[in-house]
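See structure below.
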2 protein chains.
Amino acid sequence: MSRLESFIRRMDAQRRLLNDAMADVADTPGVVLELGLGNGRTYDHIRENMPGRDIYVFEREVRAHPDCIPPDSHLYLGHVIDQLKRAVEDMGRCAILVHSDVGNGDEPASIDFGRTILAPALKPLLLPGARIISDQPVPVEGSTKLPLPSDMHHERAYCYRYED
Amino acid sequence: MSRLESFIRRMDAQRRLLNDAMADVADTPGVVLELGLGNGRTYDHIRENMPGRDIYVFEREVRAHPDCIPPDSHLYLGHVIDQLKRAVEDMGRCAILVHSDVGNGDEPASIDFGRTILAPALKPLLLPGARIISDQPVPVEGSTKLPLPSDMHHERAYCYRYED
């Protein structure tokens with residue numbers, strides 16, 4: 001498979017994974033945390049599919065498409081871990097969906113960061129039943145790893161449901 | 001439609017457009033010209049689907065994935081118009097497929113460049129029956145504009161067959 005085909009399939013699988021998570025939490029109150037805004041395409045997708053839901057974006061430096069920039073009231077600007085701590089102080093246990101794209105896929109340092117730093121920083125924000133979708137492993141204590149779409153490479157994304 | 005969905009559909013439509021052009025010229029001798037290498041995904045797709053075909057890449061500065069960098073013998077490095085002139089001197093009328101991604105979509109300066117500078121620079125390289133796919137209009141004299149896939153926005157890509 002060419003890199004072009006592989007890229008399209010990966011993007012499509014990520015979209016399906018996100019749609020599945022959004023459907024799963026559709027009837028449960030709670031906010032959405034978007035870690036890493038990037039070009040803002042995923043933010044736009046969540047915003048369109050979860051109208052009226054508060055989406056809080058964590059980003060070091062906003063470089064998204066002008067149409068995809070969250071209001072200042074919903075933007076945590078700075079290092080993700082510092083900002084998650086701020087969010088805990090501001091909102092406490094509040095999140096029903098987390099989409100994280102702050103890793104470097106399967107690189108060892110990224111995997112280590114996800115496991116030992118990001119996962120515990122997320123835990124105090126998660127409501128029971130919260131879904132996490134991430135580009136790196138974030139095995140939050142109390143969460144269960146969920147299967148990916150069958151056509152998605154197992155290191156392309158990680159999906160969890162938090163039950164604690 | 002969200003920007004994520006729109007992006008996936010656009011990438012997929014571009015892939016289908018390219019596949020259609022590759023199928024159309026499959027039995028006709030001639031080289032491929034790739035104007036703008038970018039991340040190299042399209043180059044990889046053409047290389048995989050047209051094995052044994054010479055693909056000449058025109059790029060100002062190579063920043064592609066290491067697996068998607070053409071050999072020096074097939075790389076025209078520099079401004080695309082200067083390099084197309086070099087290619088005419090080296091190879092003359094040689095190309096059966098041109099994929100161009102050097103424009104800025106529907107911006108006026110890009111449209112003007114495509115029409116008045118790129119199109120005439122391409123003409124002396126094209127074999128009869130050559131297909132052109134481009135992100136900006138390149139109405140080469142003697143070419144016919146072809147329809148896009150029905151789900152593709154008419155300003156997302158331009159497709160031509162050269163018959164002169």
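Following the order of the structure tokens, chains are lettered A, B, ..., residues in each are numbered from 1, and ligands are numbered from 1.
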
| message | Could you work out which residues of chain B fall inside 10 Å of chain A? Count only C-alpha atoms, and format the result as a ChimeraX atom specification. | response | /B:1-12,14-15,39-49,65,67-68

Using N, CA and C atoms, can you export the residues from the last selection as a PDB file, in the first residue's frame?
ATOM      1  N   MET B   1     -20.397  19.579   6.779  1.00  0.00           N
ATOM      2  CA  MET B   1     -19.294  18.613   6.863  1.00  0.00           C
ATOM      3  C   MET B   1     -18.109  19.242   7.594  1.00  0.00           C
ATOM      4  N   SER B   2     -17.522  18.515   8.526  1.00  0.00           N
ATOM      5  CA  SER B   2     -16.400  19.074   9.281  1.00  0.00           C
ATOM      6  C   SER B   2     -15.147  19.159   8.405  1.00  0.00           C
ATOM      7  N   ARG B   3     -14.203  19.947   8.849  1.00  0.00           N
ATOM      8  CA  ARG B   3     -12.940  20.057   8.115  1.00  0.00           C
ATOM      9  C   ARG B   3     -12.207  18.721   8.049  1.00  0.00           C
ATOM     10  N   LEU B   4     -12.382  17.894   9.074  1.00  0.00           N
ATOM     11  CA  LEU B   4     -11.756  16.566   9.052  1.00  0.00           C
ATOM     12  C   LEU B   4     -12.360  15.707   7.939  1.00  0.00           C
ATOM     13  N   GLU B   5     -13.685  15.685   7.875  1.00  0.00           N
ATOM     14  CA  GLU B   5     -14.353  14.899   6.829  1.00  0.00           C
ATOM     15  C   GLU B   5     -14.021  15.447   5.441  1.00  0.00           C
ATOM     16  N   SER B   6     -14.058  16.761   5.323  1.00  0.00           N
ATOM     17  CA  SER B   6     -13.779  17.390   4.043  1.00  0.00           C
ATOM     18  C   SER B   6     -12.358  17.057   3.571  1.00  0.00           C
ATOM     19  N   PHE B   7     -11.413  17.058   4.501  1.00  0.00           N
ATOM     20  CA  PHE B   7     -10.020  16.746   4.180  1.00  0.00           C
ATOM     21  C   PHE B   7      -9.877  15.292   3.694  1.00  0.00           C
ATOM     22  N   ILE B   8     -10.522  14.367   4.416  1.00  0.00           N
ATOM     23  CA  ILE B   8     -10.432  12.947   4.034  1.00  0.00           C
ATOM     24  C   ILE B   8     -11.050  12.737   2.649  1.00  0.00           C
ATOM     25  N   ARG B   9     -12.213  13.339   2.412  1.00  0.00           N
ATOM     26  CA  ARG B   9     -12.863  13.187   1.097  1.00  0.00           C
ATOM     27  C   ARG B   9     -12.012  13.757  -0.028  1.00  0.00           C
ATOM     28  N   ARG B  10     -11.382  14.897   0.266  1.00  0.00           N
ATOM     29  CA  ARG B  10     -10.544  15.535  -0.759  1.00  0.00           C
ATOM     30  C   ARG B  10      -9.345  14.655  -1.100  1.00  0.00           C
ATOM     31  N   MET B  11      -8.680  14.130  -0.062  1.00  0.00           N
ATOM     32  CA  MET B  11      -7.526  13.257  -0.285  1.00  0.00           C
ATOM     33  C   MET B  11      -7.936  12.017  -1.085  1.00  0.00           C
ATOM     34  N   ASP B  12      -9.087  11.464  -0.736  1.00  0.00           N
ATOM     35  CA  ASP B  12      -9.553  10.262  -1.418  1.00  0.00           C
ATOM     36  C   ASP B  12      -9.920  10.564  -2.874  1.00  0.00           C
ATOM     37  N   GLN B  14      -8.624  12.916  -4.699  1.00  0.00           N
ATOM     38  CA  GLN B  14      -7.358  13.137  -5.408  1.00  0.00           C
ATOM     39  C   GLN B  14      -6.706  11.805  -5.778  1.00  0.00           C
ATOM     40  N   ARG B  15      -6.792  10.856  -4.870  1.00  0.00           N
ATOM     41  CA  ARG B  15      -6.249   9.522  -5.131  1.00  0.00           C
ATOM     42  C   ARG B  15      -6.975   8.867  -6.313  1.00  0.00           C
ATOM     43  N   ASN B  39       5.600  16.002   0.950  1.00  0.00           N
ATOM     44  CA  ASN B  39       5.976  14.921   1.872  1.00  0.00           C
ATOM     45  C   ASN B  39       6.275  13.611   1.137  1.00  0.00           C
ATOM     46  N   GLY B  40       6.010  13.574  -0.167  1.00  0.00           N
ATOM     47  CA  GLY B  40       6.365  12.411  -0.976  1.00  0.00           C
ATOM     48  C   GLY B  40       5.288  11.344  -1.075  1.00  0.00           C
ATOM     49  N   ARG B  41       4.116  11.585  -0.485  1.00  0.00           N
ATOM     50  CA  ARG B  41       3.061  10.551  -0.515  1.00  0.00           C
ATOM     51  C   ARG B  41       2.559  10.269  -1.928  1.00  0.00           C
ATOM     52  N   THR B  42       2.363  11.337  -2.707  1.00  0.00           N
ATOM     53  CA  THR B  42       1.873  11.130  -4.072  1.00  0.00           C
ATOM     54  C   THR B  42       2.952  10.473  -4.923  1.00  0.00           C
ATOM     55  N   TYR B  43       4.183  10.904  -4.746  1.00  0.00           N
ATOM     56  CA  TYR B  43       5.306  10.275  -5.458  1.00  0.00           C
ATOM     57  C   TYR B  43       5.342   8.777  -5.163  1.00  0.00           C
ATOM     58  N   ASP B  44       5.178   8.417  -3.897  1.00  0.00           N
ATOM     59  CA  ASP B  44       5.180   7.009  -3.511  1.00  0.00           C
ATOM     60  C   ASP B  44       4.020   6.258  -4.171  1.00  0.00           C
ATOM     61  N   HIS B  45       2.877   6.919  -4.253  1.00  0.00           N
ATOM     62  CA  HIS B  45       1.696   6.293  -4.857  1.00  0.00           C
ATOM     63  C   HIS B  45       1.922   6.043  -6.351  1.00  0.00           C
ATOM     64  N   ILE B  46       2.482   7.001  -7.034  1.00  0.00           N
ATOM     65  CA  ILE B  46       2.750   6.837  -8.470  1.00  0.00           C
ATOM     66  C   ILE B  46       3.810   5.755  -8.681  1.00  0.00           C
ATOM     67  N   ARG B  47       4.862   5.825  -7.888  1.00  0.00           N
ATOM     68  CA  ARG B  47       5.958   4.843  -7.995  1.00  0.00           C
ATOM     69  C   ARG B  47       5.438   3.429  -7.814  1.00  0.00           C
ATOM     70  N   GLU B  48       4.527   3.264  -6.847  1.00  0.00           N
ATOM     71  CA  GLU B  48       4.005   1.923  -6.559  1.00  0.00           C
ATOM     72  C   GLU B  48       3.062   1.435  -7.662  1.00  0.00           C
ATOM     73  N   ASN B  49       2.343   2.366  -8.266  1.00  0.00           N
ATOM     74  CA  ASN B  49       1.336   1.974  -9.256  1.00  0.00           C
ATOM     75  C   ASN B  49       1.853   1.988 -10.690  1.00  0.00           C
ATOM     76  N   HIS B  65       9.570  12.518   3.281  1.00  0.00           N
ATOM     77  CA  HIS B  65       9.942  11.361   4.083  1.00  0.00           C
ATOM     78  C   HIS B  65      11.152  10.677   3.434  1.00  0.00           C
ATOM     79  N   ASP B  67      12.008   7.771   2.842  1.00  0.00           N
ATOM     80  CA  ASP B  67      11.689   6.682   1.905  1.00  0.00           C
ATOM     81  C   ASP B  67      11.151   7.186   0.573  1.00  0.00           C
ATOM     82  N   CYS B  68      10.842   8.468   0.505  1.00  0.00           N
ATOM     83  CA  CYS B  68      10.157   9.007  -0.677  1.00  0.00           C
ATOM     84  C   CYS B  68      10.987  10.045  -1.410  1.00  0.00           C
TER      85      CYS B  68
END

Got a sec: who's within 12 Å of B:Arg161, counting only C-alpha atoms, leaving out chain neighbours fewer than 4 positions off, as a CSV table (one decimal) with N, CA and C atoms, in the first residue's frame?
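Written file, result_39.csv:
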chain,number,residue,atom,x,y,z
B,20,ASP,N,-7.2,7.1,-11.9
B,20,ASP,CA,-7.8,7.2,-13.2
B,20,ASP,C,-6.8,7.6,-14.3
B,21,ALA,N,-6.0,8.6,-14.0
B,21,ALA,CA,-5.1,9.1,-15.0
B,21,ALA,C,-4.0,8.1,-15.2
B,24,ASP,N,-5.3,5.5,-17.5
B,24,ASP,CA,-5.5,6.0,-18.8
B,24,ASP,C,-4.2,5.9,-19.6
B,25,VAL,N,-3.1,6.1,-19.0
B,25,VAL,CA,-1.8,6.2,-19.7
B,25,VAL,C,-1.0,4.9,-19.5
B,95,ALA,N,6.8,13.4,-21.7
B,95,ALA,CA,5.9,13.1,-20.5
B,95,ALA,C,4.5,12.7,-20.9
B,96,ILE,N,4.1,11.6,-20.3
B,96,ILE,CA,2.7,11.0,-20.5
B,96,ILE,C,1.8,11.4,-19.3
B,97,LEU,N,2.4,11.7,-18.2
B,97,LEU,CA,1.6,12.1,-17.0
B,97,LEU,C,2.3,13.2,-16.2
B,98,VAL,N,1.6,14.2,-15.9
B,98,VAL,CA,2.1,15.3,-15.0
B,98,VAL,C,1.2,15.4,-13.8
B,123,LYS,N,4.1,22.7,-22.0
B,123,LYS,CA,3.7,22.2,-23.3
B,123,LYS,C,4.8,21.5,-24.1
B,126,LEU,N,5.1,17.6,-23.3
B,126,LEU,CA,4.0,16.7,-23.3
B,126,LEU,C,3.9,15.8,-24.6
B,127,LEU,N,3.7,14.6,-24.4
B,127,LEU,CA,3.4,13.6,-25.5
B,127,LEU,C,1.9,13.7,-25.8
B,128,PRO,N,1.5,13.3,-27.0
B,128,PRO,CA,0.1,13.2,-27.3
B,128,PRO,C,-0.6,12.2,-26.3
B,129,GLY,N,-1.7,12.6,-25.8
B,129,GLY,CA,-2.4,11.7,-24.8
B,129,GLY,C,-2.0,11.9,-23.4
B,130,ALA,N,-1.1,12.8,-23.1
B,130,ALA,CA,-0.6,13.1,-21.8
B,130,ALA,C,-1.7,13.6,-20.9
B,131,ARG,N,-1.7,13.1,-19.6
B,131,ARG,CA,-2.7,13.6,-18.7
B,131,ARG,C,-2.0,14.6,-17.7
B,132,ILE,N,-2.7,15.6,-17.3
B,132,ILE,CA,-2.2,16.6,-16.3
B,132,ILE,C,-3.2,16.6,-15.2
B,133,ILE,N,-2.7,16.5,-14.0
B,133,ILE,CA,-3.5,16.7,-12.8
B,133,ILE,C,-2.8,17.8,-12.0
B,134,SER,N,-3.5,18.8,-11.6
B,134,SER,CA,-2.9,20.0,-11.0
B,134,SER,C,-3.8,20.6,-9.9
B,138,VAL,N,-4.0,24.7,-15.3
B,138,VAL,CA,-2.8,24.8,-16.2
B,138,VAL,C,-3.3,24.5,-17.6
B,139,PRO,N,-4.0,25.4,-18.2
B,139,PRO,CA,-4.7,25.2,-19.5
B,139,PRO,C,-3.7,25.2,-20.7
B,140,VAL,N,-2.9,24.1,-20.8
B,140,VAL,CA,-1.9,24.0,-21.9
B,140,VAL,C,-2.7,24.1,-23.2
B,141,GLU,N,-2.1,24.9,-24.1
B,141,GLU,CA,-2.7,25.0,-25.5
B,141,GLU,C,-2.7,23.6,-26.1
B,142,GLY,N,-3.9,23.1,-26.6
B,142,GLY,CA,-4.0,21.8,-27.2
B,142,GLY,C,-4.6,20.8,-26.2
B,143,SER,N,-4.8,21.2,-25.0
B,143,SER,CA,-5.3,20.2,-24.0
B,143,SER,C,-6.8,20.4,-23.8
B,144,THR,N,-7.5,19.4,-23.3
B,144,THR,CA,-8.9,19.4,-23.0
B,144,THR,C,-9.1,19.2,-21.5
B,145,LYS,N,-9.9,20.1,-20.9
B,145,LYS,CA,-10.2,19.9,-19.5
B,145,LYS,C,-11.2,18.7,-19.3
B,146,LEU,N,-10.8,17.9,-18.4
B,146,LEU,CA,-11.7,16.7,-18.1
B,146,LEU,C,-12.5,16.9,-16.8
B,147,PRO,N,-13.6,16.2,-16.7
B,147,PRO,CA,-14.4,16.3,-15.5
B,147,PRO,C,-13.7,15.7,-14.3

| remark: B:Gly114 proximity check over B:Val80, B:Val32, B:Leu148, B:Leu18, using only C-alpha atoms: winner is B:Val80

| query | DSSP on the backbone: what in stretch 103-151 of chain A comes out alpha helix (DSSP H), as a PyMOL selection string? | reply | chain A and resi 108-113+119-122

| field | For A:Asp135: contacts at 10 Å, only C-alpha atoms, fewer than 5 positions along chain excluded, given as a ChimeraX atom specification | value | /A:14,99-106,110-111,114,155-159

| said: Considering only strand (DSSP E) as DSSP defines it on the backbone, what residues of stretch 14-148 of chain B qualify? List them as JSON, numbers by chain. | reply: {"B": [31, 32, 33, 34, 35, 55, 56, 57, 58, 59, 75, 76, 77, 95, 96, 97, 98, 99, 100, 126, 127, 128, 129, 130, 131, 132, 133, 134, 143, 144, 145, 146]}

For C-alpha atoms, I'd like the residues from the last selection saved as a compact mmCIF listing (two decimals), in the first residue's frame.
# COMPACT_ATOMS: atom_id res chain seq x y z
CA VAL B 31 7.81 9.50 -18.27
CA VAL B 32 6.01 10.99 -15.30
CA LEU B 33 6.68 14.53 -14.07
CA GLU B 34 5.94 15.25 -10.42
CA LEU B 35 5.97 19.02 -9.81
CA ILE B 55 9.39 9.62 -12.53
CA TYR B 56 11.14 13.00 -12.60
CA VAL B 57 10.57 15.19 -9.57
CA PHE B 58 10.72 19.00 -9.59
CA GLU B 59 11.24 20.56 -6.19
CA LEU B 75 15.50 15.17 -9.36
CA TYR B 76 15.27 18.68 -10.84
CA LEU B 77 16.16 20.90 -7.94
CA ALA B 95 5.89 13.14 -20.53
CA ILE B 96 2.71 11.05 -20.49
CA LEU B 97 1.63 12.09 -17.00
CA VAL B 98 2.13 15.29 -15.04
CA HIS B 99 1.10 15.69 -11.42
CA SER B 100 1.50 19.24 -10.21
CA LEU B 126 3.98 16.70 -23.32
CA LEU B 127 3.40 13.64 -25.48
CA PRO B 128 0.06 13.24 -27.27
CA GLY B 129 -2.43 11.71 -24.83
CA ALA B 130 -0.59 13.06 -21.76
CA ARG B 131 -2.67 13.60 -18.66
CA ILE B 132 -2.18 16.57 -16.34
CA ILE B 133 -3.51 16.72 -12.79
CA SER B 134 -2.91 19.97 -10.97
CA SER B 143 -5.34 20.23 -24.01
CA THR B 144 -8.93 19.43 -23.02
CA LYS B 145 -10.21 19.92 -19.48
CA LEU B 146 -11.66 16.69 -18.10

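Atom CA of B:Pro137 to atom CA of B:Asp90 spans 25.8 Å [interatomic distance, one decimal].
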
| field | Best match for closeness to A:Gly78 among A:Leu17, A:Val62, A:Ala23, A:Leu118, counting only C-alpha atoms | value | A:Val62
